[in-house]
$ cat work_29.cif   # mmCIF, N, CA and C atoms
data_run
#
loop_
_atom_site.label_atom_id
_atom_site.label_comp_id
_atom_site.auth_asym_id
_atom_site.auth_seq_id
_atom_site.Cartn_x
_atom_site.Cartn_y
_atom_site.Cartn_z
N MET S 9 -84.03 -63.71 33.50
CA MET S 9 -83.97 -65.10 33.91
C MET S 9 -82.55 -65.45 34.32
N ASP S 10 -82.38 -65.92 35.53
CA ASP S 10 -81.07 -66.30 36.04
C ASP S 10 -80.73 -67.72 35.65
N GLN S 11 -79.45 -67.91 35.36
CA GLN S 11 -78.97 -69.25 35.06
C GLN S 11 -78.67 -69.94 36.38
N LYS S 12 -79.15 -71.14 36.56
CA LYS S 12 -78.89 -71.89 37.78
C LYS S 12 -77.89 -72.99 37.48
N LEU S 13 -76.72 -72.87 38.08
CA LEU S 13 -75.65 -73.85 37.87
C LEU S 13 -75.66 -74.79 39.07
N GLU S 14 -76.30 -75.94 38.88
CA GLU S 14 -76.40 -76.90 39.97
C GLU S 14 -75.34 -77.97 39.82
N GLY S 15 -74.62 -78.23 40.88
CA GLY S 15 -73.58 -79.24 40.86
C GLY S 15 -72.35 -78.76 40.12
N THR S 16 -71.33 -79.56 40.17
CA THR S 16 -70.08 -79.27 39.47
C THR S 16 -69.97 -80.21 38.29
N PRO S 17 -69.83 -79.67 37.06
CA PRO S 17 -69.72 -80.57 35.92
C PRO S 17 -68.41 -81.36 35.97
N SER S 18 -68.47 -82.59 35.47
CA SER S 18 -67.27 -83.42 35.43
C SER S 18 -67.39 -84.42 34.28
N VAL S 19 -66.23 -84.81 33.79
CA VAL S 19 -66.14 -85.77 32.70
C VAL S 19 -64.80 -86.51 32.84
N GLU S 20 -64.76 -87.73 32.39
CA GLU S 20 -63.52 -88.52 32.38
C GLU S 20 -63.01 -88.56 30.94
N ILE S 21 -61.70 -88.44 30.76
CA ILE S 21 -61.12 -88.57 29.42
C ILE S 21 -59.97 -89.56 29.44
N LYS S 22 -59.79 -90.23 28.28
CA LYS S 22 -58.68 -91.17 28.14
C LYS S 22 -58.21 -91.15 26.69
N LEU S 23 -56.99 -91.59 26.50
CA LEU S 23 -56.38 -91.63 25.18
C LEU S 23 -56.49 -93.04 24.61
N GLU S 24 -57.01 -93.14 23.39
CA GLU S 24 -57.07 -94.41 22.66
C GLU S 24 -56.42 -94.19 21.31
N GLY S 25 -55.13 -94.54 21.23
CA GLY S 25 -54.38 -94.27 20.01
C GLY S 25 -54.21 -92.77 19.81
N ARG S 26 -54.70 -92.25 18.68
CA ARG S 26 -54.62 -90.81 18.38
C ARG S 26 -55.96 -90.11 18.66
N THR S 27 -56.80 -90.73 19.47
CA THR S 27 -58.12 -90.18 19.76
C THR S 27 -58.30 -90.03 21.26
N VAL S 28 -58.82 -88.88 21.68
CA VAL S 28 -59.18 -88.67 23.08
C VAL S 28 -60.67 -88.96 23.19
N VAL S 29 -61.03 -89.85 24.10
CA VAL S 29 -62.42 -90.27 24.29
C VAL S 29 -62.90 -89.75 25.63
N ARG S 30 -64.14 -89.23 25.64
CA ARG S 30 -64.70 -88.71 26.88
C ARG S 30 -65.93 -89.50 27.29
N SER S 31 -66.21 -89.47 28.59
CA SER S 31 -67.44 -90.08 29.11
C SER S 31 -68.57 -89.07 28.96
N GLU S 32 -69.76 -89.47 29.40
CA GLU S 32 -70.87 -88.52 29.44
C GLU S 32 -70.56 -87.45 30.49
N ILE S 33 -71.00 -86.24 30.26
CA ILE S 33 -70.75 -85.15 31.18
C ILE S 33 -71.79 -85.19 32.30
N GLN S 34 -71.30 -85.21 33.52
CA GLN S 34 -72.16 -85.19 34.70
C GLN S 34 -72.40 -83.74 35.12
N ASN S 35 -73.62 -83.41 35.52
CA ASN S 35 -73.98 -82.05 35.96
C ASN S 35 -73.68 -80.99 34.91
N ASN S 36 -74.00 -81.29 33.67
CA ASN S 36 -73.75 -80.36 32.56
C ASN S 36 -74.57 -79.08 32.77
N TRP S 37 -73.90 -77.93 32.74
CA TRP S 37 -74.57 -76.64 32.92
C TRP S 37 -75.31 -76.18 31.67
N GLY S 38 -75.07 -76.82 30.54
CA GLY S 38 -75.73 -76.41 29.31
C GLY S 38 -75.04 -75.25 28.62
N THR S 39 -73.84 -74.88 29.07
CA THR S 39 -73.07 -73.83 28.41
C THR S 39 -72.04 -74.46 27.49
N ARG S 40 -71.32 -73.62 26.74
CA ARG S 40 -70.38 -74.10 25.72
C ARG S 40 -69.29 -74.97 26.34
N LEU S 41 -68.99 -76.06 25.65
CA LEU S 41 -67.92 -76.98 26.03
C LEU S 41 -66.83 -76.93 24.98
N GLN S 42 -65.57 -77.09 25.40
CA GLN S 42 -64.48 -77.11 24.43
C GLN S 42 -63.36 -78.05 24.87
N TRP S 43 -62.67 -78.60 23.84
CA TRP S 43 -61.42 -79.31 24.07
C TRP S 43 -60.33 -78.25 24.04
N ARG S 44 -59.30 -78.42 24.85
CA ARG S 44 -58.17 -77.50 24.83
C ARG S 44 -56.90 -78.34 24.84
N LEU S 45 -56.02 -78.11 23.85
CA LEU S 45 -54.81 -78.90 23.68
C LEU S 45 -53.59 -78.01 23.88
N PHE S 46 -52.65 -78.49 24.69
CA PHE S 46 -51.42 -77.75 24.99
C PHE S 46 -50.21 -78.58 24.57
N LYS S 47 -49.17 -77.89 24.14
CA LYS S 47 -47.87 -78.54 23.91
C LYS S 47 -46.86 -77.83 24.80
N GLU S 48 -46.27 -78.60 25.71
CA GLU S 48 -45.28 -78.09 26.64
C GLU S 48 -45.77 -76.80 27.31
N GLY S 49 -47.05 -76.81 27.74
CA GLY S 49 -47.63 -75.71 28.48
C GLY S 49 -48.22 -74.58 27.66
N LYS S 50 -48.04 -74.60 26.34
CA LYS S 50 -48.56 -73.54 25.48
C LYS S 50 -49.77 -74.05 24.70
N GLU S 51 -50.88 -73.30 24.75
CA GLU S 51 -52.08 -73.71 24.02
C GLU S 51 -51.80 -73.74 22.52
N ILE S 52 -52.16 -74.88 21.89
CA ILE S 52 -51.96 -74.98 20.44
C ILE S 52 -53.26 -75.18 19.68
N ALA S 53 -54.33 -75.58 20.38
CA ALA S 53 -55.60 -75.79 19.68
C ALA S 53 -56.76 -75.82 20.67
N THR S 54 -57.92 -75.38 20.18
CA THR S 54 -59.18 -75.54 20.91
C THR S 54 -60.22 -75.97 19.90
N GLY S 55 -61.24 -76.63 20.38
CA GLY S 55 -62.31 -77.04 19.50
C GLY S 55 -63.56 -77.34 20.30
N PRO S 56 -64.72 -77.17 19.69
CA PRO S 56 -65.96 -77.40 20.42
C PRO S 56 -66.16 -78.88 20.75
N VAL S 57 -66.76 -79.13 21.89
CA VAL S 57 -67.18 -80.47 22.27
C VAL S 57 -68.63 -80.58 21.86
N GLY S 58 -68.90 -81.42 20.91
CA GLY S 58 -70.27 -81.62 20.46
C GLY S 58 -70.84 -82.88 21.07
N PRO S 59 -71.86 -83.42 20.44
CA PRO S 59 -72.47 -84.64 20.97
C PRO S 59 -71.56 -85.87 20.83
N GLU S 60 -70.58 -85.80 19.91
CA GLU S 60 -69.67 -86.93 19.76
C GLU S 60 -68.78 -87.02 20.99
N THR S 61 -68.36 -88.24 21.32
CA THR S 61 -67.58 -88.45 22.54
C THR S 61 -66.10 -88.63 22.27
N ALA S 62 -65.65 -88.35 21.04
CA ALA S 62 -64.25 -88.52 20.71
C ALA S 62 -63.70 -87.28 20.01
N PHE S 63 -62.41 -87.04 20.22
CA PHE S 63 -61.70 -85.91 19.62
C PHE S 63 -60.45 -86.49 18.97
N ASP S 64 -60.40 -86.43 17.63
CA ASP S 64 -59.23 -86.92 16.91
C ASP S 64 -58.13 -85.87 16.99
N LEU S 65 -56.98 -86.28 17.49
CA LEU S 65 -55.86 -85.35 17.63
C LEU S 65 -55.29 -85.01 16.24
N PRO S 66 -54.86 -83.77 16.05
CA PRO S 66 -54.21 -83.43 14.79
C PRO S 66 -52.83 -84.09 14.73
N ASP S 67 -52.17 -84.00 13.57
CA ASP S 67 -50.80 -84.52 13.47
C ASP S 67 -49.93 -83.74 14.45
N LEU S 68 -49.26 -84.46 15.31
CA LEU S 68 -48.47 -83.83 16.36
C LEU S 68 -47.00 -84.14 16.20
N GLN S 69 -46.15 -83.15 16.44
CA GLN S 69 -44.70 -83.36 16.43
C GLN S 69 -44.29 -83.91 17.79
N GLN S 70 -43.06 -84.38 17.88
CA GLN S 70 -42.58 -84.92 19.14
C GLN S 70 -42.67 -83.86 20.24
N GLY S 71 -43.03 -84.30 21.44
CA GLY S 71 -43.10 -83.39 22.57
C GLY S 71 -44.07 -83.88 23.62
N SER S 72 -44.22 -83.07 24.66
CA SER S 72 -45.14 -83.36 25.75
C SER S 72 -46.42 -82.57 25.54
N TYR S 73 -47.56 -83.24 25.69
CA TYR S 73 -48.86 -82.63 25.43
C TYR S 73 -49.78 -82.82 26.62
N GLN S 74 -50.83 -82.00 26.63
CA GLN S 74 -51.87 -82.10 27.64
C GLN S 74 -53.19 -81.70 26.98
N VAL S 75 -54.25 -82.44 27.29
CA VAL S 75 -55.58 -82.12 26.76
C VAL S 75 -56.56 -82.09 27.93
N VAL S 76 -57.54 -81.20 27.83
CA VAL S 76 -58.53 -81.03 28.89
C VAL S 76 -59.86 -80.64 28.26
N VAL S 77 -60.96 -80.97 28.94
CA VAL S 77 -62.29 -80.52 28.53
C VAL S 77 -62.68 -79.38 29.46
N GLN S 78 -63.19 -78.30 28.87
CA GLN S 78 -63.59 -77.14 29.65
C GLN S 78 -65.04 -76.77 29.36
N GLN S 79 -65.68 -76.14 30.35
CA GLN S 79 -67.04 -75.65 30.18
C GLN S 79 -67.07 -74.18 30.57
N PHE S 80 -67.87 -73.41 29.81
CA PHE S 80 -67.95 -71.98 30.08
C PHE S 80 -68.76 -71.75 31.35
N HIS S 81 -68.17 -71.02 32.27
CA HIS S 81 -68.83 -70.67 33.53
C HIS S 81 -69.25 -69.21 33.44
N TYR S 82 -70.53 -69.00 33.15
CA TYR S 82 -71.07 -67.67 32.98
C TYR S 82 -71.39 -67.06 34.34
N LEU S 83 -70.85 -65.86 34.59
CA LEU S 83 -71.14 -65.13 35.81
C LEU S 83 -71.95 -63.86 35.54
N ASN S 84 -71.54 -63.11 34.50
CA ASN S 84 -72.24 -61.89 34.13
C ASN S 84 -71.79 -61.44 32.73
N TYR S 85 -72.38 -60.34 32.25
CA TYR S 85 -72.07 -59.84 30.90
C TYR S 85 -70.88 -58.90 30.86
N LYS S 86 -70.23 -58.61 31.97
CA LYS S 86 -69.11 -57.66 32.00
C LYS S 86 -68.03 -58.05 30.99
N LYS S 87 -67.66 -57.06 30.15
CA LYS S 87 -66.63 -57.32 29.14
C LYS S 87 -65.65 -56.14 29.08
N THR S 88 -64.48 -56.42 28.55
CA THR S 88 -63.49 -55.38 28.29
C THR S 88 -63.90 -54.63 27.02
N PRO S 89 -63.28 -53.49 26.73
CA PRO S 89 -63.63 -52.76 25.51
C PRO S 89 -63.45 -53.59 24.22
N ASP S 90 -62.56 -54.59 24.26
CA ASP S 90 -62.36 -55.41 23.06
C ASP S 90 -63.28 -56.64 23.03
N GLY S 91 -64.23 -56.73 23.99
CA GLY S 91 -65.26 -57.76 23.94
C GLY S 91 -64.98 -59.04 24.69
N LYS S 92 -63.91 -59.09 25.47
CA LYS S 92 -63.60 -60.30 26.24
C LYS S 92 -64.28 -60.24 27.60
N PHE S 93 -64.84 -61.38 28.03
CA PHE S 93 -65.47 -61.44 29.35
C PHE S 93 -64.43 -61.18 30.43
N THR S 94 -64.83 -60.44 31.47
CA THR S 94 -63.90 -60.17 32.57
C THR S 94 -64.08 -61.14 33.73
N ASP S 95 -65.31 -61.56 34.01
CA ASP S 95 -65.57 -62.45 35.14
C ASP S 95 -65.93 -63.87 34.69
N SER S 96 -66.67 -64.00 33.60
CA SER S 96 -67.05 -65.31 33.08
C SER S 96 -65.85 -65.93 32.38
N LYS S 97 -65.70 -67.25 32.47
CA LYS S 97 -64.51 -67.90 31.90
C LYS S 97 -64.75 -69.39 31.72
N TYR S 98 -63.85 -70.04 30.99
CA TYR S 98 -63.86 -71.49 30.86
C TYR S 98 -63.18 -72.10 32.08
N VAL S 99 -63.76 -73.20 32.56
CA VAL S 99 -63.18 -73.92 33.69
C VAL S 99 -62.98 -75.38 33.28
N ASP S 100 -61.90 -75.98 33.78
CA ASP S 100 -61.64 -77.39 33.52
C ASP S 100 -62.71 -78.23 34.21
N ILE S 101 -63.24 -79.23 33.50
CA ILE S 101 -64.22 -80.12 34.12
C ILE S 101 -63.70 -81.56 34.18
N CYS S 102 -62.41 -81.72 33.94
CA CYS S 102 -61.78 -83.04 34.08
C CYS S 102 -60.34 -82.84 34.51
N LYS S 103 -59.75 -83.92 34.93
CA LYS S 103 -58.33 -83.91 35.22
C LYS S 103 -57.59 -83.85 33.88
N PRO S 104 -56.63 -82.92 33.71
CA PRO S 104 -55.90 -82.86 32.45
C PRO S 104 -55.20 -84.19 32.15
N LEU S 105 -55.21 -84.57 30.88
CA LEU S 105 -54.58 -85.81 30.43
C LEU S 105 -53.25 -85.47 29.79
N ASP S 106 -52.16 -85.96 30.38
CA ASP S 106 -50.81 -85.73 29.86
C ASP S 106 -50.39 -86.91 29.01
N PHE S 107 -49.71 -86.61 27.88
CA PHE S 107 -49.18 -87.68 27.03
C PHE S 107 -47.98 -87.15 26.25
N THR S 108 -47.18 -88.08 25.75
CA THR S 108 -45.97 -87.73 25.01
C THR S 108 -46.03 -88.39 23.63
N VAL S 109 -45.58 -87.64 22.64
CA VAL S 109 -45.51 -88.16 21.26
C VAL S 109 -44.05 -88.34 20.91
#
$ encode --input "work_29.cif" --output "structure tokens"
Amino acid sequence: MDQKLEGTPSVEIKLEGRTVVRSEIQNNWGTRLQWRLFKEGKEIATGPVGPETAFDLPDLQQGSYQVVVQQFHYLNYKKTPDGKFTDSKYVDICKPLDFTV
């Protein structure tokens, strides 16, 4: 059975205090969703996006941050010997949100 990915998934995110809030996902492919948090360009955290529409940020030190919602784009089962997908990957489904603490 082939997976049919119709449309491009998209979501809007905004910061409300220490919480990142997302809209409903448009054109959801039904694959895994995750929040991805960066500090000054380096990934510091990831977490699953569940049915809740908010992500409470952890305690953050001073610096520049970016958060984005990603969805897994499955292409095939090809993996490296250590089990990482070679062609399938997470793709951003929103514009990254930049903020400073």
$ closest_residue --input "work_29.cif" --among "S:Ser72, S:Asn36, S:Thr108, S:Ser96" --to "Gly49 (chain S)" --atoms "all atoms listed in the file"
S:Ser72
$ resolve_selection --input "work_29.cif" --expression "the PyMOL selection byres ((chain S and resi 42) around 5)" --output "PyMOL selection string"
chain S and resi 40-41+43-44+55-57+77-78
$ write_last_selection --input "work_29.cif" --atoms "N, CA and C atoms" --output "mmCIF file, in the frame of the given file"
data_model
loop_
_atom_site.group_PDB
_atom_site.id
_atom_site.type_symbol
_atom_site.label_atom_id
_atom_site.label_comp_id
_atom_site.auth_asym_id
_atom_site.auth_seq_id
_atom_site.Cartn_x
_atom_site.Cartn_y
_atom_site.Cartn_z
ATOM 1 N N ARG S 40 -71.320 -73.620 26.740
ATOM 2 C CA ARG S 40 -70.380 -74.100 25.720
ATOM 3 C C ARG S 40 -69.290 -74.970 26.340
ATOM 4 N N LEU S 41 -68.990 -76.060 25.650
ATOM 5 C CA LEU S 41 -67.920 -76.980 26.030
ATOM 6 C C LEU S 41 -66.830 -76.930 24.980
ATOM 7 N N TRP S 43 -62.670 -78.600 23.840
ATOM 8 C CA TRP S 43 -61.420 -79.310 24.070
ATOM 9 C C TRP S 43 -60.330 -78.250 24.040
ATOM 10 N N ARG S 44 -59.300 -78.420 24.850
ATOM 11 C CA ARG S 44 -58.170 -77.500 24.830
ATOM 12 C C ARG S 44 -56.900 -78.340 24.840
ATOM 13 N N GLY S 55 -61.240 -76.630 20.380
ATOM 14 C CA GLY S 55 -62.310 -77.040 19.500
ATOM 15 C C GLY S 55 -63.560 -77.340 20.300
ATOM 16 N N PRO S 56 -64.720 -77.170 19.690
ATOM 17 C CA PRO S 56 -65.960 -77.400 20.420
ATOM 18 C C PRO S 56 -66.160 -78.880 20.750
ATOM 19 N N VAL S 57 -66.760 -79.130 21.890
ATOM 20 C CA VAL S 57 -67.180 -80.470 22.270
ATOM 21 C C VAL S 57 -68.630 -80.580 21.860
ATOM 22 N N VAL S 77 -60.960 -80.970 28.940
ATOM 23 C CA VAL S 77 -62.290 -80.520 28.530
ATOM 24 C C VAL S 77 -62.680 -79.380 29.460
ATOM 25 N N GLN S 78 -63.190 -78.300 28.870
ATOM 26 C CA GLN S 78 -63.590 -77.140 29.650
ATOM 27 C C GLN S 78 -65.040 -76.770 29.360
#
$ resolve_selection --input "work_29.cif" --expression "the PyMOL selection byres (((chain S and resi 18-25 and name CA) around 9) and name CA)" --output "ChimeraX atom specification"
/S:16-17,26-36,75-77,100-105,107
$ residues_around --input "work_29.cif" --residues "Gln69 (chain S)" --least-positions-apart "2" --cutoff "6 Å" --atoms "only N, CA and C atoms" --output "PyMOL selection string"
chain S and resi 67+71+109
$ closest_residue --input "work_29.cif" --among "S:Asp95, S:Gln70, S:Asp106, S:Gly58" --to "Gly38 (chain S)" --atoms "only C-alpha atoms"
S:Gly58
$ resolve_selection --input "work_29.cif" --expression "the PyMOL selection byres ((chain S and resi 84) around 8)" --output "tab-separated table (two decimals) with N, CA and C atoms, in the coordinates of the input"
chain	number	residue	atom	x	y	z
S	81	HIS	N	-68.17	-71.02	32.27
S	81	HIS	CA	-68.83	-70.67	33.53
S	81	HIS	C	-69.25	-69.21	33.44
S	82	TYR	N	-70.53	-69.00	33.15
S	82	TYR	CA	-71.07	-67.67	32.98
S	82	TYR	C	-71.39	-67.06	34.34
S	83	LEU	N	-70.85	-65.86	34.59
S	83	LEU	CA	-71.14	-65.13	35.81
S	83	LEU	C	-71.95	-63.86	35.54
S	85	TYR	N	-72.38	-60.34	32.25
S	85	TYR	CA	-72.07	-59.84	30.90
S	85	TYR	C	-70.88	-58.90	30.86
S	86	LYS	N	-70.23	-58.61	31.97
S	86	LYS	CA	-69.11	-57.66	32.00
S	86	LYS	C	-68.03	-58.05	30.99
S	87	LYS	N	-67.66	-57.06	30.15
S	87	LYS	CA	-66.63	-57.32	29.14
S	87	LYS	C	-65.65	-56.14	29.08
S	93	PHE	N	-64.84	-61.38	28.03
S	93	PHE	CA	-65.47	-61.44	29.35
S	93	PHE	C	-64.43	-61.18	30.43
S	94	THR	N	-64.83	-60.44	31.47
S	94	THR	CA	-63.90	-60.17	32.57
S	94	THR	C	-64.08	-61.14	33.73
S	95	ASP	N	-65.31	-61.56	34.01
S	95	ASP	CA	-65.57	-62.45	35.14
S	95	ASP	C	-65.93	-63.87	34.69
S	96	SER	N	-66.67	-64.00	33.60
S	96	SER	CA	-67.05	-65.31	33.08
S	96	SER	C	-65.85	-65.93	32.38
S	97	LYS	N	-65.70	-67.25	32.47
S	97	LYS	CA	-64.51	-67.90	31.90
S	97	LYS	C	-64.75	-69.39	31.72
$ closest_residue --input "work_29.cif" --among "S:Leu45, S:Ile52, S:Tyr98, S:Pro59" --to "Gln79 (chain S)" --atoms "only N, CA and C atoms"
S:Tyr98
$ closest_residue --input "work_29.cif" --among "S:Gly15, S:Gln74, S:Asp90, S:Val99" --to "Trp37 (chain S)" --atoms "only C-alpha atoms"
S:Gly15
$ select_by_dssp --input "work_29.cif" --residues "region 31-108 of chain S" --states "strand (DSSP E)" --output "ChimeraX atom specification"
/S:41-47,50-56,62-64,72-81,97-100,105-108
$ atom_distance --input "work_29.cif" --atom1 "CA of Tyr73 (chain S)" --atom2 "atom C of Lys92 (chain S)"
27.3 Å
$ atom_distance --input "work_29.cif" --atom1 "atom C of Ala53 (chain S)" --atom2 "atom C of Leu68 (chain S)"
13.6 Å
$ atom_distance --input "work_29.cif" --atom1 "CA of Asp64 (chain S)" --atom2 "atom N of Phe46 (chain S)"
13.2 Å
$ axis_aligned_box --input "work_29.cif" --around "region 30-38 of chain S" --padding-each-side "3 Å" --output "AutoDock Vina command-line options"
--center_x -69.9 --center_y -82.7 --center_z 30.8 --size_x 17.6 --size_y 20.8 --size_z 16.3
$ decode --input "work_29.cif" --residues "region 72-94 of chain S" --atoms "N, CA and C atoms" --output "PDB file, in the first residue's frame"
ATOM      1  N   SER S  72      19.563  33.641  21.778  1.00  0.00           N
ATOM      2  CA  SER S  72      18.654  33.676  20.635  1.00  0.00           C
ATOM      3  C   SER S  72      18.162  32.267  20.355  1.00  0.00           C
ATOM      4  N   TYR S  73      16.854  32.128  20.151  1.00  0.00           N
ATOM      5  CA  TYR S  73      16.230  30.819  19.962  1.00  0.00           C
ATOM      6  C   TYR S  73      15.387  30.813  18.701  1.00  0.00           C
ATOM      7  N   GLN S  74      15.100  29.592  18.258  1.00  0.00           N
ATOM      8  CA  GLN S  74      14.222  29.386  17.112  1.00  0.00           C
ATOM      9  C   GLN S  74      13.450  28.086  17.359  1.00  0.00           C
ATOM     10  N   VAL S  75      12.163  28.094  17.041  1.00  0.00           N
ATOM     11  CA  VAL S  75      11.335  26.897  17.176  1.00  0.00           C
ATOM     12  C   VAL S  75      10.586  26.681  15.864  1.00  0.00           C
ATOM     13  N   VAL S  76      10.384  25.415  15.520  1.00  0.00           N
ATOM     14  CA  VAL S  76       9.719  25.065  14.271  1.00  0.00           C
ATOM     15  C   VAL S  76       8.938  23.767  14.481  1.00  0.00           C
ATOM     16  N   VAL S  77       7.867  23.590  13.697  1.00  0.00           N
ATOM     17  CA  VAL S  77       7.122  22.329  13.687  1.00  0.00           C
ATOM     18  C   VAL S  77       7.541  21.580  12.427  1.00  0.00           C
ATOM     19  N   GLN S  78       7.831  20.291  12.590  1.00  0.00           N
ATOM     20  CA  GLN S  78       8.243  19.466  11.460  1.00  0.00           C
ATOM     21  C   GLN S  78       7.353  18.245  11.336  1.00  0.00           C
ATOM     22  N   GLN S  79       7.249  17.738  10.102  1.00  0.00           N
ATOM     23  CA  GLN S  79       6.500  16.511   9.851  1.00  0.00           C
ATOM     24  C   GLN S  79       7.404  15.553   9.086  1.00  0.00           C
ATOM     25  N   PHE S  80       7.279  14.260   9.426  1.00  0.00           N
ATOM     26  CA  PHE S  80       8.115  13.258   8.776  1.00  0.00           C
ATOM     27  C   PHE S  80       7.623  13.034   7.351  1.00  0.00           C
ATOM     28  N   HIS S  81       8.539  13.170   6.408  1.00  0.00           N
ATOM     29  CA  HIS S  81       8.235  12.944   4.990  1.00  0.00           C
ATOM     30  C   HIS S  81       8.835  11.600   4.604  1.00  0.00           C
ATOM     31  N   TYR S  82       7.968  10.593   4.555  1.00  0.00           N
ATOM     32  CA  TYR S  82       8.396   9.239   4.244  1.00  0.00           C
ATOM     33  C   TYR S  82       8.522   9.064   2.737  1.00  0.00           C
ATOM     34  N   LEU S  83       9.698   8.598   2.298  1.00  0.00           N
ATOM     35  CA  LEU S  83       9.918   8.306   0.889  1.00  0.00           C
ATOM     36  C   LEU S  83      10.096   6.808   0.645  1.00  0.00           C
ATOM     37  N   ASN S  84      10.892   6.153   1.508  1.00  0.00           N
ATOM     38  CA  ASN S  84      11.129   4.721   1.385  1.00  0.00           C
ATOM     39  C   ASN S  84      11.771   4.186   2.671  1.00  0.00           C
ATOM     40  N   TYR S  85      12.011   2.873   2.714  1.00  0.00           N
ATOM     41  CA  TYR S  85      12.569   2.238   3.908  1.00  0.00           C
ATOM     42  C   TYR S  85      14.093   2.249   3.950  1.00  0.00           C
ATOM     43  N   LYS S  86      14.769   2.801   2.962  1.00  0.00           N
ATOM     44  CA  LYS S  86      16.235   2.781   2.913  1.00  0.00           C
ATOM     45  C   LYS S  86      16.836   3.369   4.188  1.00  0.00           C
ATOM     46  N   LYS S  87      17.751   2.589   4.795  1.00  0.00           N
ATOM     47  CA  LYS S  87      18.398   3.045   6.025  1.00  0.00           C
ATOM     48  C   LYS S  87      19.894   2.749   5.975  1.00  0.00           C
ATOM     49  N   THR S  88      20.635   3.474   6.798  1.00  0.00           N
ATOM     50  CA  THR S  88      22.056   3.216   6.964  1.00  0.00           C
ATOM     51  C   THR S  88      22.220   1.997   7.874  1.00  0.00           C
ATOM     52  N   PRO S  89      23.427   1.434   7.972  1.00  0.00           N
ATOM     53  CA  PRO S  89      23.626   0.283   8.856  1.00  0.00           C
ATOM     54  C   PRO S  89      23.251   0.560  10.326  1.00  0.00           C
ATOM     55  N   ASP S  90      23.313   1.830  10.747  1.00  0.00           N
ATOM     56  CA  ASP S  90      22.953   2.144  12.138  1.00  0.00           C
ATOM     57  C   ASP S  90      21.463   2.483  12.295  1.00  0.00           C
ATOM     58  N   GLY S  91      20.661   2.303  11.221  1.00  0.00           N
ATOM     59  CA  GLY S  91      19.213   2.428  11.331  1.00  0.00           C
ATOM     60  C   GLY S  91      18.615   3.781  11.020  1.00  0.00           C
ATOM     61  N   LYS S  92      19.412   4.718  10.520  1.00  0.00           N
ATOM     62  CA  LYS S  92      18.880   6.044  10.186  1.00  0.00           C
ATOM     63  C   LYS S  92      18.385   6.057   8.744  1.00  0.00           C
ATOM     64  N   PHE S  93      17.231   6.697   8.532  1.00  0.00           N
ATOM     65  CA  PHE S  93      16.693   6.810   7.175  1.00  0.00           C
ATOM     66  C   PHE S  93      17.656   7.611   6.302  1.00  0.00           C
ATOM     67  N   THR S  94      17.807   7.183   5.041  1.00  0.00           N
ATOM     68  CA  THR S  94      18.692   7.903   4.130  1.00  0.00           C
ATOM     69  C   THR S  94      17.930   8.899   3.257  1.00  0.00           C
TER      70      THR S  94
END
